[in-house]
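Source file: final.tsv. Holds: TSV, C-alpha atoms.
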chain	number	residue	atom	x	y	z
K	1	MET	CA	3.51	-11.25	-21.59
K	2	GLY	CA	3.75	-9.94	-25.16
K	3	GLU	CA	6.22	-11.00	-27.84
K	4	PRO	CA	9.26	-12.86	-26.45
K	5	ILE	CA	12.62	-11.11	-26.50
K	6	ASP	CA	15.13	-12.60	-28.93
K	7	CYS	CA	17.73	-15.09	-27.69
K	8	LEU	CA	20.12	-13.70	-25.10
K	9	HIS	CA	23.24	-14.63	-27.09
K	10	GLY	CA	25.47	-11.78	-28.26
K	11	ALA	CA	28.23	-9.40	-27.23
K	12	ASP	CA	28.12	-7.70	-23.85
K	13	ASP	CA	26.55	-4.50	-25.14
K	14	GLU	CA	23.90	-6.50	-26.99
K	15	LEU	CA	23.20	-8.60	-23.91
K	16	GLU	CA	22.86	-5.50	-21.75
K	17	ALA	CA	20.32	-4.03	-24.18
K	18	LYS	CA	18.35	-7.30	-24.20
K	19	LEU	CA	18.32	-7.44	-20.40
K	20	ILE	CA	16.89	-3.92	-20.28
K	21	ALA	CA	14.26	-4.99	-22.81
K	22	ILE	CA	13.42	-8.04	-20.69
K	23	ARG	CA	13.07	-5.89	-17.57
K	24	ARG	CA	10.71	-3.56	-19.43
K	25	GLN	CA	8.64	-6.44	-20.72
K	26	LEU	CA	8.31	-7.87	-17.23
K	27	HIS	CA	7.43	-4.40	-15.95
K	28	ARG	CA	4.72	-3.98	-18.56
K	29	TYR	CA	3.03	-7.27	-17.67
K	30	PRO	CA	3.14	-7.63	-13.85
K	31	GLU	CA	1.59	-10.60	-12.08
K	32	LEU	CA	0.78	-10.92	-8.40
K	33	ALA	CA	2.02	-13.56	-5.95
K	34	ASN	CA	1.28	-17.13	-7.07
K	35	GLU	CA	-0.29	-15.78	-10.27
K	36	GLU	CA	3.00	-15.47	-12.18
K	37	TYR	CA	2.05	-17.94	-14.93
K	38	GLU	CA	3.07	-15.87	-17.96
K	39	THR	CA	6.16	-14.59	-16.15
K	40	THR	CA	7.14	-18.19	-15.40
K	41	GLU	CA	6.74	-19.27	-19.00
K	42	ALA	CA	8.69	-16.28	-20.27
K	43	ILE	CA	11.59	-17.06	-17.90
K	44	ARG	CA	11.57	-20.69	-18.97
K	45	GLU	CA	11.70	-19.63	-22.62
K	46	TRP	CA	14.59	-17.21	-22.06
K	47	LEU	CA	16.55	-19.92	-20.26
K	48	ARG	CA	15.81	-22.49	-22.97
K	49	ASN	CA	17.06	-20.00	-25.56
K	50	VAL	CA	20.55	-20.20	-24.07
K	51	ASP	CA	20.36	-23.96	-23.43
K	52	ILE	CA	20.17	-23.76	-19.65
K	53	ARG	CA	18.65	-26.88	-18.18
K	54	LEU	CA	15.39	-26.56	-16.28
K	55	LEU	CA	14.61	-28.69	-13.25
K	56	ASP	CA	11.27	-30.46	-13.21
K	57	LEU	CA	10.01	-29.52	-9.77
K	58	PRO	CA	6.36	-29.41	-8.61
K	59	LEU	CA	5.93	-25.64	-8.79
K	60	ALA	CA	2.75	-23.96	-10.03
K	61	THR	CA	4.75	-20.78	-10.69
K	62	GLY	CA	8.45	-20.02	-10.48
K	63	VAL	CA	11.44	-21.64	-12.17
K	64	VAL	CA	14.48	-23.58	-10.97
K	65	ALA	CA	17.38	-24.15	-13.36
K	66	GLU	CA	21.03	-25.21	-13.26
K	67	ILE	CA	24.32	-24.41	-14.94
K	68	GLY	CA	27.49	-26.45	-14.55
K	69	ARG	CA	28.39	-29.95	-13.46
K	70	GLN	CA	25.66	-32.50	-12.91
K	71	GLU	CA	27.93	-34.97	-11.10
K	72	PRO	CA	28.46	-34.69	-7.32
K	73	GLY	CA	30.12	-31.45	-6.30
K	74	PRO	CA	29.44	-28.08	-4.68
K	75	VAL	CA	26.18	-26.33	-5.47
K	76	VAL	CA	25.65	-22.59	-5.10
K	77	ALA	CA	22.19	-21.05	-5.47
K	78	LEU	CA	21.30	-17.58	-6.76
K	79	ARG	CA	17.78	-16.32	-6.08
K	80	ALA	CA	15.54	-13.67	-7.65
K	81	ASP	CA	11.87	-12.99	-6.88
K	82	ILE	CA	9.37	-12.51	-9.70
K	83	ASP	CA	6.02	-11.25	-8.32
K	84	ALA	CA	4.50	-7.78	-8.47
K	85	LEU	CA	2.26	-5.75	-6.14
K	86	PRO	CA	-1.43	-4.67	-6.15
K	87	ILE	CA	-0.55	-1.01	-6.80
K	88	GLN	CA	-1.74	1.32	-9.54
K	89	GLU	CA	1.36	2.56	-11.36
K	90	ALA	CA	2.03	6.31	-11.56
K	91	THR	CA	5.47	6.47	-13.20
K	92	GLY	CA	4.42	7.77	-16.61
K	93	LEU	CA	6.99	5.44	-18.24
K	94	SER	CA	6.52	4.35	-21.83
K	95	TYR	CA	6.64	0.74	-20.60
K	96	ALA	CA	4.41	1.29	-17.56
K	97	SER	CA	2.17	-1.52	-16.38
K	98	SER	CA	-0.55	-2.44	-18.85
K	99	VAL	CA	-2.53	-4.18	-16.08
K	100	ALA	CA	-4.76	-1.94	-13.98
K	101	GLY	CA	-3.99	-2.10	-10.27
K	102	LYS	CA	-0.81	-4.17	-10.64
K	103	MET	CA	2.77	-2.92	-10.72
K	104	HIS	CA	6.37	-3.96	-10.22
K	105	ALA	CA	6.72	-1.39	-7.44
K	106	CYS	CA	9.44	-3.30	-5.60
K	107	GLY	CA	11.86	-3.98	-8.45
K	108	HIS	CA	11.39	-7.72	-8.82
K	109	ASP	CA	11.49	-7.19	-12.59
K	110	PHE	CA	14.99	-5.77	-12.07
K	111	HIS	CA	15.99	-8.76	-9.94
K	112	THR	CA	14.72	-11.22	-12.55
K	113	ALA	CA	16.46	-9.51	-15.48
K	114	SER	CA	19.70	-9.34	-13.49
K	115	LEU	CA	19.64	-13.06	-12.70
K	116	LEU	CA	18.85	-13.91	-16.33
K	117	GLY	CA	21.91	-11.87	-17.29
K	118	ALA	CA	24.08	-13.67	-14.75
K	119	ALA	CA	22.75	-17.01	-16.00
K	120	THR	CA	23.70	-16.16	-19.58
K	121	LEU	CA	27.20	-15.04	-18.57
K	122	LEU	CA	27.73	-18.19	-16.48
K	123	LYS	CA	26.47	-20.39	-19.31
K	124	ARG	CA	29.24	-19.02	-21.54
K	125	LYS	CA	31.83	-20.47	-19.16
K	126	GLU	CA	29.91	-23.53	-17.99
K	127	LYS	CA	32.80	-25.94	-18.57
K	128	GLU	CA	35.08	-23.83	-16.36
K	129	LEU	CA	32.76	-23.78	-13.34
K	130	ARG	CA	33.96	-25.71	-10.28
K	131	GLY	CA	30.54	-27.10	-9.54
K	132	CYS	CA	26.90	-26.24	-10.18
K	133	VAL	CA	25.01	-22.94	-10.03
K	134	ARG	CA	21.32	-23.30	-9.27
K	135	LEU	CA	19.01	-20.46	-10.32
K	136	LEU	CA	15.88	-19.82	-8.26
K	137	PHE	CA	13.25	-17.57	-9.82
K	138	GLN	CA	10.93	-17.46	-6.84
K	139	PRO	CA	7.21	-16.59	-6.75
K	140	ALA	CA	5.20	-14.97	-3.99
K	141	GLU	CA	7.87	-13.05	-2.07
K	142	GLU	CA	5.43	-10.22	-1.38
K	143	LYS	CA	3.22	-12.62	0.57
K	144	GLY	CA	6.22	-14.04	2.42
K	145	ILE	CA	5.44	-17.60	1.31
K	146	GLY	CA	7.32	-18.20	-1.93
K	147	ALA	CA	10.63	-19.26	-0.37
K	148	GLN	CA	8.86	-21.93	1.68
K	149	GLN	CA	7.19	-23.21	-1.48
K	150	MET	CA	10.58	-23.48	-3.19
K	151	ILE	CA	12.12	-25.26	-0.20
K	152	LYS	CA	9.22	-27.70	0.03
K	153	CYS	CA	9.57	-28.71	-3.62
K	154	GLY	CA	13.29	-29.44	-3.26
K	155	ALA	CA	14.88	-26.31	-4.72
K	156	LEU	CA	17.51	-26.23	-1.94
K	157	ASP	CA	18.43	-29.91	-2.06
K	158	GLY	CA	22.21	-30.26	-2.22
K	159	VAL	CA	22.86	-26.51	-1.97
K	160	GLN	CA	25.80	-25.40	0.21
K	161	LEU	CA	25.48	-21.62	-0.21
K	162	ILE	CA	22.71	-19.29	-1.34
K	163	PHE	CA	22.85	-15.63	-2.34
K	164	GLY	CA	20.18	-13.07	-3.12
K	165	MET	CA	19.81	-9.33	-3.48
K	166	HIS	CA	17.33	-6.51	-3.32
K	167	ASN	CA	17.55	-3.24	-5.16
K	168	LYS	CA	18.16	-0.25	-2.87
K	169	PRO	CA	16.82	3.04	-4.26
K	170	ASP	CA	18.78	5.23	-1.86
K	171	LEU	CA	22.14	3.76	-2.92
K	172	PRO	CA	23.74	5.00	-6.15
K	173	VAL	CA	24.33	2.69	-9.10
K	174	GLY	CA	27.69	1.01	-8.65
K	175	THR	CA	27.31	0.74	-4.86
K	176	ILE	CA	26.47	-2.46	-3.01
K	177	GLY	CA	25.51	-2.86	0.65
K	178	ILE	CA	26.86	-5.98	2.36
K	179	ARG	CA	26.45	-6.65	6.05
K	180	PRO	CA	27.26	-9.78	8.08
K	181	GLY	CA	24.66	-10.65	10.69
K	182	SER	CA	21.15	-9.18	10.78
K	183	LEU	CA	20.23	-7.17	7.67
K	184	MET	CA	16.41	-7.20	7.52
K	185	SER	CA	13.87	-7.78	10.23
K	186	SER	CA	11.42	-10.51	11.08
K	187	VAL	CA	7.75	-9.64	10.72
K	188	ASN	CA	4.64	-10.50	12.69
K	189	GLY	CA	1.09	-9.40	12.07
K	190	LEU	CA	-0.99	-8.52	15.14
K	191	ARG	CA	-4.76	-8.35	15.60
K	192	ILE	CA	-6.24	-7.37	18.97
K	193	GLU	CA	-9.97	-7.64	19.68
K	194	ILE	CA	-11.17	-5.69	22.73
K	195	LYS	CA	-14.66	-6.58	23.93
K	196	GLY	CA	-16.37	-4.16	26.28
K	197	VAL	CA	-20.00	-3.47	27.15
K	198	SER	CA	-22.00	-1.25	24.83
K	199	THR	CA	-23.94	1.67	26.29
K	200	HIS	CA	-25.33	5.09	25.44
K	201	ALA	CA	-22.53	7.63	24.98
K	202	ALA	CA	-24.19	9.86	27.58
K	203	ILE	CA	-24.13	7.07	30.19
K	204	PRO	CA	-20.55	5.69	29.92
K	205	HIS	CA	-20.51	4.39	33.50
K	206	ALA	CA	-23.08	1.76	32.50
K	207	GLY	CA	-20.70	0.11	30.06
K	208	VAL	CA	-17.06	-0.73	29.37
K	209	ASP	CA	-15.60	1.45	26.64
K	210	PRO	CA	-13.35	-0.56	24.28
K	211	ILE	CA	-12.23	2.66	22.56
K	212	LEU	CA	-10.84	3.99	25.81
K	213	VAL	CA	-9.12	0.65	26.41
K	214	SER	CA	-7.67	0.85	22.90
K	215	ALA	CA	-6.25	4.30	23.55
K	216	HIS	CA	-4.48	3.18	26.70
K	217	LEU	CA	-3.23	0.03	25.01
K	218	ILE	CA	-1.82	1.81	21.96
K	219	THR	CA	0.07	4.23	24.17
K	220	ALA	CA	1.37	1.48	26.45
K	221	LEU	CA	2.60	-0.67	23.57
K	222	GLN	CA	5.02	2.07	22.55
K	223	THR	CA	6.83	1.61	25.85
K	224	VAL	CA	7.84	-1.93	24.88
K	225	VAL	CA	10.47	-0.67	22.44
K	226	SER	CA	11.41	2.47	24.35
K	227	ARG	CA	11.67	0.86	27.80
K	228	ASN	CA	11.96	-2.92	27.40
K	229	VAL	CA	14.18	-3.40	24.34
K	230	SER	CA	17.88	-2.58	24.47
K	231	ALA	CA	18.80	0.71	22.84
K	232	VAL	CA	21.38	-1.11	20.69
K	233	ASP	CA	18.75	-3.45	19.29
K	234	SER	CA	16.18	-2.51	16.65
K	235	ALA	CA	12.45	-3.17	16.93
K	236	VAL	CA	9.26	-1.56	15.70
K	237	ILE	CA	5.67	-1.86	16.94
K	238	SER	CA	3.14	-0.08	14.74
K	239	ILE	CA	-0.63	-0.11	15.18
K	240	THR	CA	-1.89	0.66	11.70
K	241	LYS	CA	-5.63	0.03	11.82
K	242	ILE	CA	-8.39	0.81	14.32
K	243	HIS	CA	-12.05	-0.03	13.90
K	244	ALA	CA	-14.77	0.59	16.50
K	245	GLY	CA	-18.34	1.81	16.52
K	246	ASN	CA	-20.76	2.90	13.81
K	247	THR	CA	-22.51	5.97	15.16
K	248	TRP	CA	-21.80	9.10	17.21
K	249	ASN	CA	-23.84	8.49	20.34
K	250	VAL	CA	-23.20	4.83	21.16
K	251	ILE	CA	-20.18	3.38	22.92
K	252	PRO	CA	-19.62	0.16	20.98
K	253	GLU	CA	-19.09	-3.31	22.32
K	254	LEU	CA	-16.03	-4.13	20.21
K	255	ALA	CA	-12.82	-2.43	19.08
K	256	VAL	CA	-10.34	-4.11	16.73
K	257	LEU	CA	-6.71	-3.07	16.35
K	258	GLU	CA	-4.25	-4.36	13.75
K	259	GLY	CA	-0.57	-3.73	13.31
K	260	THR	CA	2.88	-5.19	12.84
K	261	VAL	CA	5.94	-6.04	14.92
K	262	ARG	CA	9.44	-5.99	13.39
K	263	THR	CA	12.63	-7.21	15.07
K	264	LEU	CA	16.20	-7.95	14.03
K	265	GLN	CA	17.03	-10.44	16.80
K	266	PRO	CA	15.20	-13.75	17.42
K	267	ASP	CA	15.22	-13.20	21.18
K	268	SER	CA	13.55	-9.81	20.77
K	269	ARG	CA	10.87	-11.35	18.59
K	270	ILE	CA	9.94	-13.80	21.35
K	271	PHE	CA	10.22	-11.25	24.17
K	272	ILE	CA	8.13	-8.55	22.46
K	273	ARG	CA	5.32	-10.97	21.77
K	274	GLN	CA	5.27	-12.01	25.43
K	275	ARG	CA	5.39	-8.39	26.58
K	276	ILE	CA	2.54	-7.28	24.31
K	277	GLU	CA	0.37	-10.10	25.61
K	278	GLU	CA	1.14	-9.17	29.22
K	279	ILE	CA	0.37	-5.49	28.68
K	280	ALA	CA	-2.81	-6.18	26.71
K	281	LYS	CA	-4.20	-8.55	29.33
K	282	GLY	CA	-3.25	-6.19	32.14
K	283	ILE	CA	-4.96	-3.17	30.60
K	284	ALA	CA	-8.03	-5.20	29.72
K	285	ALA	CA	-8.28	-6.40	33.31
K	286	THR	CA	-7.85	-2.86	34.62
K	287	PHE	CA	-10.89	-1.65	32.69
K	288	GLY	CA	-12.98	-4.81	32.93
K	289	ALA	CA	-12.75	-5.64	29.23
K	290	GLU	CA	-12.09	-8.94	27.48
K	291	ILE	CA	-9.20	-9.19	25.05
K	292	LYS	CA	-8.20	-11.62	22.33
K	293	LEU	CA	-4.84	-11.52	20.49
K	294	ARG	CA	-4.11	-13.18	17.17
K	295	TRP	CA	-0.59	-13.37	15.75
K	296	THR	CA	0.42	-14.00	12.15
K	297	ASP	CA	3.99	-15.18	11.84
K	298	GLY	CA	5.86	-13.85	8.82
K	299	PRO	CA	9.46	-14.44	7.74
K	300	PRO	CA	12.23	-14.43	10.34
K	301	ALA	CA	15.08	-11.92	10.20
K	302	VAL	CA	17.52	-12.03	7.29
K	303	HIS	CA	20.76	-13.00	9.02
K	304	ASN	CA	23.86	-13.19	6.84
K	305	ASN	CA	26.45	-15.86	7.46
K	306	LYS	CA	29.76	-14.03	8.03
K	307	LEU	CA	31.87	-16.10	5.67
K	308	ALA	CA	29.18	-15.96	2.97
K	309	ALA	CA	29.06	-12.18	3.43
K	310	ASP	CA	32.85	-12.08	3.10
K	311	ILE	CA	32.60	-13.94	-0.22
K	312	ALA	CA	29.90	-11.51	-1.33
K	313	GLY	CA	32.16	-8.59	-0.48
K	314	LEU	CA	35.18	-10.02	-2.31
K	315	ALA	CA	33.05	-10.71	-5.40
K	316	ALA	CA	31.79	-7.11	-5.28
K	317	GLN	CA	35.37	-5.82	-5.32
K	318	GLN	CA	36.17	-8.09	-8.26
K	319	ALA	CA	33.11	-6.73	-10.08
K	320	GLY	CA	34.25	-3.14	-9.51
K	321	LEU	CA	31.44	-2.21	-7.12
K	322	HIS	CA	31.81	0.19	-4.21
K	323	VAL	CA	31.10	-1.77	-1.03
K	324	ILE	CA	29.44	-0.11	1.97
K	325	LEU	CA	28.12	-1.38	5.31
K	326	PRO	CA	24.38	-0.64	5.11
K	327	GLU	CA	22.09	0.17	7.99
K	328	PRO	CA	19.82	-2.78	8.88
K	329	SER	CA	16.31	-2.45	7.48
K	330	THR	CA	13.07	-3.12	9.36
K	331	ALA	CA	11.50	-4.28	6.11
K	332	SER	CA	11.25	-8.05	5.76
K	333	GLU	CA	12.28	-10.61	3.15
K	334	ASP	CA	11.35	-14.26	2.88
K	335	PHE	CA	14.92	-15.00	1.73
K	336	ALA	CA	15.37	-15.53	5.48
K	337	TYR	CA	13.65	-18.93	5.19
K	338	TYR	CA	16.45	-20.18	2.93
K	339	GLN	CA	18.98	-19.09	5.55
K	340	GLN	CA	17.31	-21.36	8.10
K	341	HIS	CA	18.42	-24.30	5.94
K	342	VAL	CA	21.54	-23.12	4.09
K	343	ALA	CA	24.29	-20.61	4.85
K	344	GLY	CA	23.99	-17.53	2.67
K	345	ALA	CA	24.05	-13.79	2.26
K	346	PHE	CA	21.59	-11.18	1.05
K	347	VAL	CA	22.86	-7.86	-0.33
K	348	PHE	CA	21.52	-4.44	-1.31
K	349	MET	CA	22.23	-3.35	-4.89
K	350	GLY	CA	22.28	0.39	-5.53
K	351	THR	CA	19.81	1.54	-8.19
K	352	SER	CA	19.68	5.35	-7.81
K	353	GLY	CA	15.90	5.16	-7.41
K	354	ASN	CA	13.47	8.04	-7.17
K	355	HIS	CA	11.17	6.56	-4.52
K	356	GLU	CA	11.24	3.87	-1.86
K	357	TRP	CA	9.85	0.37	-2.37
K	358	HIS	CA	6.07	0.04	-2.89
K	359	HIS	CA	5.60	3.64	-4.07
K	360	PRO	CA	3.34	3.98	-7.16
K	361	ALA	CA	6.06	6.01	-8.91
K	362	PHE	CA	8.88	3.61	-7.97
K	363	THR	CA	11.47	2.80	-10.62
K	364	VAL	CA	15.14	1.85	-10.95
K	365	ASN	CA	18.04	3.17	-12.97
K	366	GLU	CA	18.50	0.48	-15.61
K	367	ARG	CA	22.28	0.97	-15.70
K	368	ALA	CA	22.28	-1.18	-12.57
K	369	ILE	CA	21.02	-4.28	-14.43
K	370	TRP	CA	24.31	-5.02	-16.15
K	371	LYS	CA	26.34	-4.30	-13.02
K	372	SER	CA	24.11	-6.66	-11.05
K	373	ALA	CA	24.35	-9.41	-13.68
K	374	ARG	CA	28.15	-9.19	-13.73
K	375	TYR	CA	28.24	-9.18	-9.95
K	376	PHE	CA	26.26	-12.41	-9.63
K	377	GLU	CA	28.40	-14.01	-12.31
K	378	ALA	CA	31.51	-13.21	-10.23
K	379	LEU	CA	29.80	-14.20	-6.98
K	380	ALA	CA	28.78	-17.65	-8.23
K	381	GLU	CA	32.25	-18.36	-9.57
K	382	LEU	CA	33.98	-17.24	-6.39
K	383	ALA	CA	31.59	-19.12	-4.11
K	384	LEU	CA	32.17	-22.36	-6.01
K	385	LEU	CA	35.91	-21.79	-5.83
K	386	LYS	CA	35.76	-21.20	-2.07
K	387	LEU	CA	33.73	-24.36	-1.57
K	388	THR	CA	36.50	-26.45	-3.14
K	389	ILE	CA	39.29	-25.28	-0.82
K	390	PRO	CA	39.84	-26.28	2.85
K	391	GLU	CA	39.35	-22.82	4.34
K	392	ALA	CA	35.80	-22.81	3.00
K	393	GLU	CA	34.89	-25.87	5.06
K	394	GLU	CA	33.24	-23.80	7.80
K	395	ILE	CA	30.82	-22.28	5.30
K	396	LYS	CA	29.43	-25.68	4.46
K	397	HIS	CA	28.31	-26.35	8.01
K	398	THR	CA	27.49	-22.90	9.44

Translate this file's structure into C-alpha cells.
Amino acid sequence: MGEPIDCLHGADDELEAKLIAIRRQLHRYPELANEEYETTEAIREWLRNVDIRLLDLPLATGVVAEIGRQEPGPVVALRADIDALPIQEATGLSYASSVAGKMHACGHDFHTASLLGAATLLKRKEKELRGCVRLLFQPAEEKGIGAQQMIKCGALDGVQLIFGMHNKPDLPVGTIGIRPGSLMSSVNGLRIEIKGVSTHAAIPHAGVDPILVSAHLITALQTVVSRNVSAVDSAVISITKIHAGNTWNVIPELAVLEGTVRTLQPDSRIFIRQRIEEIAKGIAATFGAEIKLRWTDGPPAVHNNKLAADIAGLAAQQAGLHVILPEPSTASEDFAYYQQHVAGAFVFMGTSGNHEWHHPAFTVNERAIWKSARYFEALAELALLKLTIPEAEEIKHT
C-alpha cells in the first residue's frame, strides 16, 4: 500500500488535500474482493490516527468503526466499499494502478476516501452527536457477497438507519441523485444447458441440433420483457455467452448459454424466472432436446425507504448539493442486503466522470471527494437528530 498518508488532522483545505492523496494511494494499490488486506490495514491506520475506535469483529478484510456515544441510543451506519476489479487500467494517470490486471474501475477508492473524510469531520464534533455513527468499510462488493459477510459478523447490530452511495459519472460534481423506492436492480445469473443428439452436419435429420434450439430460445426469451412484463416496470434479460461445437461439419450434442436477468421489482424477479423456465422447457420439448437450467442468485433490488430518502435529500440541501431524481439503474449493488434488515437509502453522487463504471479508462473528478465527505457528515448528524424525535418513529420500524 506504500507509505501511509500523514494524520488526517488539519484545516478543511488540508484535509481535502489529504483525502485526495488517500484516494490516489488506494487507486495505485488496488486489491480484489476478499483480498483487501493492505487496504484494510491502511484504513485501520487512518482511523487510529484520528482516534476513532475500531470494532473487533471477525472479518478477514474490511473495517467497522464507531464515532459518538457508546451508551444505549440511536445508531446510524454509513457504508463504503473497498474492493477493486480485475481490469487492466488504461487511464494514463500518474497514480494509475501499479498492479497488473487490477484497477479501481468502479470508484470504490473514491467511496473509501469520502467516508474517511466524513469520519474525520464527525470525530471533530463527537461530543455533540445525538447517538453513534457506525462506519462500514465493506469488502467484496464486486462479488455481491461483502454485505452479507458484514451482516453475519454483527456489523448491523443495533443500527436503526443505514446510508450508502455510489459515484455517478454522468452526473456533474455538486449533483446528487436521490430516489425513494427502487433505485438499482436485483441480479440473477443464468446458465442453460441444451442437450441434443450429435450427428453429421450433412445429415441433420438424424440428430437433434442444440444450436438450432438455442437460436429459438434466445429469440423467445426476449419476448418475456416485451410481452410479459408491464411497460412501466423495468427488466433486462441478456444472453451473453454461447458455446457449442468444435468443428465445422458436426452438429454437436451440447450447447451452453449464459446470461443475466435484472429486475427492479421482487414480483418481476420471481415471475421472470418462472417464465424463462416455462419457455425453455417448452422449446426443448418441441425439438426433442433435453434442457437443464441453473440459477445464481445475486443481490436483490436496492429499495430506498421513503423517510430515509427524505432525510438524505434534506441533508443534501444542507450540504449545498443540487438534488435530482435519478433514473433507476439496472446495475446491481449488494447494499440491498443491508436494506433487508435495516431501513436505509442509497444515493448517486455526481463525479463528472469520463467513462461509465468498469471501463479501463474510468476515473472521477476529485473535487467530488470533499463534497461527498461533507454530505455524509451532514447526513449522519441529521439522521441521528431525526431518530431522537417522535416523527422519526416510523423510520425505526419500516

For region 36-53 of chain K, list every protein, DNA or RNA residue within 10 Å, evaluated using only C-alpha atoms, and leave out those in the same chain fewer than 2 positions away; present the list as a ChimeraX atom specification. /K:1-9,22,25-26,29-34,55-56,60-68,82-84,109,112-113,116,119-120,122-124,126,134-135,137-140

Using all atoms listed in the file, which protein or nucleic acid residues come within 10 Å of Ile178 (chain K)? Drop anything in the same chain fewer than 4 positions from it, and give the result as a PyMOL selection string. chain K and resi 165+183+304+309-310+312-313+316+323-327+345-349

So that I can check the surroundings of region 373-377 of chain K, please list as a PyMOL selection string every protein, DNA and RNA residue that reaches within 9 Å of it, counting all atoms listed in the file and ignoring chain neighbours fewer than 2 positions away. chain K and resi 78+113-122+163-164+315-316+318-321+368-371+379-382

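Nearest to Gly344 (chain K) of all the residues K:Ile283, K:Cys132, K:Ala77, K:Val261 is K:Ala77, based on all atoms listed in the file.
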
Nearest to Thr363 (chain K), chosen from K:Ser182, K:Thr247, K:Asn305, K:Thr351, with only C-alpha atoms counted in the distances: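 Among K:Ser182, K:Thr247, K:Asn305, K:Thr351, it is K:Thr351 that comes nearest to Thr363 (chain K).
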
With all atoms listed in the file as the counted atoms, please give the residues lying no more than 9 Å from Lys195 (chain K), apart from itself and same-chain residues fewer than 4 positions off, as an mmCIF file with C-alpha atoms, keeping the file's coordinate frame.
data_model
loop_
_atom_site.group_PDB
_atom_site.id
_atom_site.type_symbol
_atom_site.label_atom_id
_atom_site.label_comp_id
_atom_site.auth_asym_id
_atom_site.auth_seq_id
_atom_site.Cartn_x
_atom_site.Cartn_y
_atom_site.Cartn_z
ATOM 1 C CA VAL K 208 -17.060 -0.730 29.370
ATOM 2 C CA ASP K 209 -15.600 1.450 26.640
ATOM 3 C CA PRO K 210 -13.350 -0.560 24.280
ATOM 4 C CA PRO K 252 -19.620 0.160 20.980
ATOM 5 C CA GLU K 253 -19.090 -3.310 22.320
ATOM 6 C CA LEU K 254 -16.030 -4.130 20.210
ATOM 7 C CA ALA K 255 -12.820 -2.430 19.080
ATOM 8 C CA VAL K 256 -10.340 -4.110 16.730
ATOM 9 C CA ALA K 284 -8.030 -5.200 29.720
ATOM 10 C CA ALA K 289 -12.750 -5.640 29.230
ATOM 11 C CA GLU K 290 -12.090 -8.940 27.480
ATOM 12 C CA ILE K 291 -9.200 -9.190 25.050
ATOM 13 C CA LYS K 292 -8.200 -11.620 22.330
#

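Distance check against Gln339 (chain K) using only C-alpha atoms: of K:Ala308, K:Val173, K:Ile251, K:Cys106, the minimum falls on K:Ala308.
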
Calculated over all atoms listed in the file, which of the candidates K:Phe110, K:Glu35, K:Ala244, K:Met103 has the smallest distance to Glu366 (chain K)?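 Nearest candidate to Glu366 (chain K) out of K:Phe110, K:Glu35, K:Ala244, K:Met103: K:Phe110.
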
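Once Asn354 (chain K) and its same-chain neighbours fewer than 3 positions away are set aside, Thr91, Ala105, Lys168, Pro169, Asp170, Leu171, Pro172, Gly350, Thr351, Trp357, His358, His359, Pro360, Ala361, Phe362, Thr363, Val364 and Asn365 of chain K remain within 12 Å of it when counting all atoms listed in the file.
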
Using C-alpha atoms, can you write the selected residues to a file as a compact mmCIF listing (two decimals), in the coordinates of the input?
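Written out: out_38.txt:
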# COMPACT_ATOMS: atom_id res chain seq x y z
CA THR K 91 5.47 6.47 -13.20
CA ALA K 105 6.72 -1.39 -7.44
CA LYS K 168 18.16 -0.25 -2.87
CA PRO K 169 16.82 3.04 -4.26
CA ASP K 170 18.78 5.23 -1.86
CA LEU K 171 22.14 3.76 -2.92
CA PRO K 172 23.74 5.00 -6.15
CA GLY K 350 22.28 0.39 -5.53
CA THR K 351 19.81 1.54 -8.19
CA TRP K 357 9.85 0.37 -2.37
CA HIS K 358 6.07 0.04 -2.89
CA HIS K 359 5.60 3.64 -4.07
CA PRO K 360 3.34 3.98 -7.16
CA ALA K 361 6.06 6.01 -8.91
CA PHE K 362 8.88 3.61 -7.97
CA THR K 363 11.47 2.80 -10.62
CA VAL K 364 15.14 1.85 -10.95
CA ASN K 365 18.04 3.17 -12.97

Using all atoms listed in the file: which of K:His108, K:Arg130, K:Lys143, K:Arg69 has the shortest distance to Ala383 (chain K):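 The answer is K:Arg130, which sits nearest to Ala383 (chain K).
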
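The nearest approach to Asp334 (chain K) among the residues K:Arg79, K:Lys102, K:Arg179, K:His243, with all atoms listed in the file taken into account, belongs to K:Arg79.
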
Separation of CA of Ala155 (chain K) from CA of Leu54 (chain K) in Å: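 CA of Ala155 (chain K) lies 11.6 Å from CA of Leu54 (chain K).
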
State, in Å with one decimal place, the distance from CA of Met150 (chain K) to CA of Arg294 (chain K).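 Interatomic distance here is 27.1 Å.
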
Between CA of Leu136 (chain K) and CA of His322 (chain K) - distance in Å to one decimal: 25.9 Å
